[in-house]
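Participant: Can you keep this structure in mind? I'll have questions shortly.
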Amino acid sequence: MKLPKTFAEFVGNAHVVEGLRSAAAAGRLPRSLIVLGPRGAGKYTLALMLTMALECERQPREPAADGRELAVFCGECRNCKRIAESAELDAKVEEAVAAREEMRETDKKDTRVLVQTHPDVLIVPPDPPQLLIKLGQIRTMIGRAQYLPTEAPAKVFIITSAAFMKEAANSLLKLLEEPPNYVHLILLAENLGELLPTIRSRCAVAHLGALPVEEIASLLAERRPEMNKSERELTARLSEGAFGRAMRFDLAEYAAARNDALTVLQGAERAGDHTALFKMTETYRAGAEGQVKTVALMGALSSLLEDMLLLQAGAGERMRNVDRRAELQRMADTFSFDWIEGAVRSMDAVQSGMRRNLLRSLSLDALAVELEGVGRS
């Protein structure tokens with residue numbers, strides 16, 4: 001990921017971003033802040049940019065239209081450059097995981113994945129393979145929060161996911177209750193419901209809203225010229241209003257996951273015929289690759305079920321998978337609202353099983369068989 005050079009280059013939600021910059025310039029940026037928005041809305045990008053504005057050695061300012069001062073960053077000082085090195089988060093996480101794999105078995109258990117390219121900025125990503133924020137990560141963060149910043153005006157902690165282990169979430173409350181006045185905690189979340197009410201009540205919330213489909217399609221025409229018009233429009237719908245997701249969206253990869261999701265739904269239509277289904281689920285192996293593939297399948301299945309609900313409600317213009325409308329209309333006419341609701345609950349059970357490291361192929365087989373037992377219209 002390449003960080004924008006200025007806040008003006010950040011796409012969308014200008015009012016929210018300006019409000020945060022104004023608060024930072026006035027020294028009133030909340031100590032505990034939730035940046036809320038869909039995947040790909042720019043939450044992590046904005047968190048890094050705000051961090052650079054807080055820690056920039058030059059502390060530059062620029063005027064807003066109403067005369068307020070807005071925080072900016074130079075991008076050239078030592079603090080800015082080191083913080084910007086964390087932009088490629090996936091690569092940094094891979095490095096940390098690889099380093100952990102080189103350790104002795106006894107040390108691996110006590111080592112959690114953290115990213116730190118600046119001594120006063122700590123980034124806490126979900127820890128593989130469960131991809132959860134774990135107790136050890138939060139304990140490390142709390143321990144480091146007890147020490148004054150060494151090279152910057154503040155200590156900043158960025159937690160990149162709201163998927164906490166229960167013990168980790170409870171431990172975080174200790175820091176939220178009495179954060180030192182030199183600490184800023186930025187928590188990224190797609191859904192406030194993922195967080196404990198006690199965490200939500202102790203944080204301010206900055207909501208990055210979805211962008212209109214037309215705006216994303218227009219931006220894609222400029223920045224992804226290899227796409228044709230129909231591909232741009234489909235990508236804009238599937239990205240759910242998140243420009244960053246649209247820029248990275250791989251239509252071929254999504255189509256593969258969607259085909260598997262359709263196999264699950266078709267299996268439910270043809271009760272008793274599991275041939276195609278079992279052949280498909282055999283490819284969902286253990287390990288990180290299988291987990292990524294399963295997450296993609298669950299995402300595609302969720303998208304298809306939502307589109308079926310929209311079609312049932314007569315709101316087909318809002319559906320995302322417009323290129324499969326005829327097939328989804330048939331399924332919307334076949335399956336009842338209660339069936340779709342039951343399918344969503346069954347998906348939740350699969351995702352819960354994944355967190356407990358159950359075999360993915362068996363979980364998916366169980367999902368498909370369970371879907372057959374839910375009532376139809």
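Residues in the structure tokens are numbered from 1 in each chain, the chains being A, B, ... in the order shown, and ligands are numbered from 1 in the order shown.
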Which parts of segment 161-337 of chain A does DSSP call strand (DSSP E) when run on the backbone here, written out as a PyMOL selection string?

Facilitator: chain A and resi 183-189+204-207

Participant: List the neighbours of Val72 of chain A out to 7 Å using only C-alpha atoms; skip same-chain residues closer than 4 positions along the sequence, and give me the result as a ChimeraX atom specification.

Facilitator: /A:53,60-61

Participant: Considering only C-alpha atoms, return as a PyMOL selection string whatever protein or nucleic-acid residues lie within 12 Å of Gly193 of chain A, sequence-local ones (same chain, fewer than 6 positions apart) excluded.

Facilitator: chain A and resi 36+162-163+199-200

Participant: Can you pull out every residue within 10 Å of Leu196 of chain A, counting only C-alpha atoms, but drop anything in the same chain fewer than 5 positions away, and send it as a PDB file with N, CA and C atoms, in the first residue's frame?

Facilitator:
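Listing of out_15.pdb after writing:
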```pdb
ATOM      1  N   ALA A 162     -10.902  -5.549  15.093  1.00  0.00           N
ATOM      2  CA  ALA A 162     -11.775  -5.625  16.269  1.00  0.00           C
ATOM      3  C   ALA A 162     -12.012  -7.070  16.690  1.00  0.00           C
ATOM      4  N   PHE A 164     -11.080  -9.634  18.770  1.00  0.00           N
ATOM      5  CA  PHE A 164     -10.312  -9.872  19.982  1.00  0.00           C
ATOM      6  C   PHE A 164     -10.628 -11.240  20.578  1.00  0.00           C
ATOM      7  N   LYS A 166     -11.373 -13.006  24.041  1.00  0.00           N
ATOM      8  CA  LYS A 166     -12.089 -12.423  25.172  1.00  0.00           C
ATOM      9  C   LYS A 166     -11.135 -11.854  26.217  1.00  0.00           C
ATOM     10  N   ALA A 169      -9.624  -8.530  25.026  1.00  0.00           N
ATOM     11  CA  ALA A 169     -10.565  -7.404  25.081  1.00  0.00           C
ATOM     12  C   ALA A 169     -10.724  -6.902  26.516  1.00  0.00           C
ATOM     13  N   ASN A 170     -10.830  -7.830  27.447  1.00  0.00           N
ATOM     14  CA  ASN A 170     -10.962  -7.428  28.850  1.00  0.00           C
ATOM     15  C   ASN A 170      -9.719  -6.717  29.348  1.00  0.00           C
ATOM     16  N   LEU A 173      -9.337  -2.960  28.464  1.00  0.00           N
ATOM     17  CA  LEU A 173     -10.099  -2.012  29.275  1.00  0.00           C
ATOM     18  C   LEU A 173      -9.223  -1.308  30.309  1.00  0.00           C
ATOM     19  N   SER A 201     -17.852   2.344  24.857  1.00  0.00           N
ATOM     20  CA  SER A 201     -18.229   3.496  25.682  1.00  0.00           C
ATOM     21  C   SER A 201     -17.033   4.343  26.085  1.00  0.00           C
TER      22      SER A 201
END
```

Participant: Pick out the closest residue to Leu33 of chain A from this set: A:Ala204, A:Val344, A:Val93, A:Met141. Count only C-alpha atoms.

Facilitator: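 Counting only C-alpha atoms, the residue closest to Leu33 of chain A is A:Ala204.
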
Participant: Could you pull out the alpha helix (DSSP H) residues of segment 133-241 of chain A, going by DSSP on the backbone, and write them as a PyMOL selection string?

Facilitator: chain A and resi 135-145+166-177+197-200+213-223+229-238

Participant: Restricting the calculation to only C-alpha atoms: of A:Arg320, A:Lys109, A:Arg237, A:Arg245, which residue gets closest to Asp127 of chain A?

Facilitator: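 Checking each of A:Arg320, A:Lys109, A:Arg237, A:Arg245 against Asp127 of chain A, counting only C-alpha atoms, the winner is A:Lys109.
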
Participant: Please report the interatomic distance between atom CA of Phe249 of chain A and atom CA of Ala296 of chain A in Å with one decimal.

Facilitator: 12.0 Å

Participant: Write out as a list in words the residues lying within 9 Å of His118 of chain A, counting only C-alpha atoms and excluding same-chain residues fewer than 4 positions away.

Facilitator: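 Skipping anything fewer than 4 positions along the chain leaves Asn79, Arg82, Ile83, Glu85, Ser86, Leu122 and Glu151 of chain A.
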
Participant: Just want the 10 Å neighbourhood of Gly244 of chain A, counted on only C-alpha atoms, with same-chain residues fewer than 6 positions away dropped. Output as a ChimeraX atom specification.

Facilitator: /A:1,11,38-43,45,216

Participant: Residues as selected, N, CA and C atoms, written as a tab-separated table (two decimals), in the first residue's frame, can you do that?

Facilitator:
```
chain	number	residue	atom	x	y	z
A	1	MET	N	0.85	-1.19	0.00
A	1	MET	CA	0.00	0.00	0.00
A	1	MET	C	0.88	1.24	0.00
A	11	VAL	N	-9.11	9.59	-0.34
A	11	VAL	CA	-10.37	9.56	-1.10
A	11	VAL	C	-11.57	9.39	-0.17
A	38	PRO	N	-16.15	0.12	6.39
A	38	PRO	CA	-16.03	-1.17	5.71
A	38	PRO	C	-14.58	-1.47	5.34
A	39	ARG	N	-14.30	-2.74	5.12
A	39	ARG	CA	-12.95	-3.14	4.71
A	39	ARG	C	-12.58	-2.42	3.42
A	40	GLY	N	-11.41	-1.80	3.42
A	40	GLY	CA	-10.96	-1.07	2.24
A	40	GLY	C	-11.38	0.38	2.21
A	41	ALA	N	-12.01	0.87	3.30
A	41	ALA	CA	-12.44	2.27	3.32
A	41	ALA	C	-11.28	3.23	3.59
A	42	GLY	N	-10.13	2.69	3.98
A	42	GLY	CA	-8.97	3.54	4.24
A	42	GLY	C	-8.69	3.74	5.72
A	43	LYS	N	-9.21	2.86	6.56
A	43	LYS	CA	-9.05	3.02	8.01
A	43	LYS	C	-7.58	3.00	8.42
A	45	THR	N	-4.93	3.40	6.46
A	45	THR	CA	-4.25	4.53	5.83
A	45	THR	C	-4.45	5.80	6.63
A	216	ILE	N	-17.08	5.57	-7.22
A	216	ILE	CA	-16.00	4.57	-7.28
A	216	ILE	C	-15.74	4.15	-8.72
```

Participant: Write out as a VMD selection string each polymer residue whose atoms come within 12 Å of Arg224 of chain A, counting only C-alpha atoms; drop sequence neighbours fewer than 4 positions from it.

Facilitator: chain A and resid 216 to 220 228 to 229 231 to 232 235 to 236 243 246 to 250

Participant: What gap, in Å, lies between atom CA of Arg100 of chain A and atom CA of Ala47 of chain A?

Facilitator: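 Atom CA of Ala47 of chain A lies at a distance of 26.2 Å from atom CA of Arg100 of chain A.
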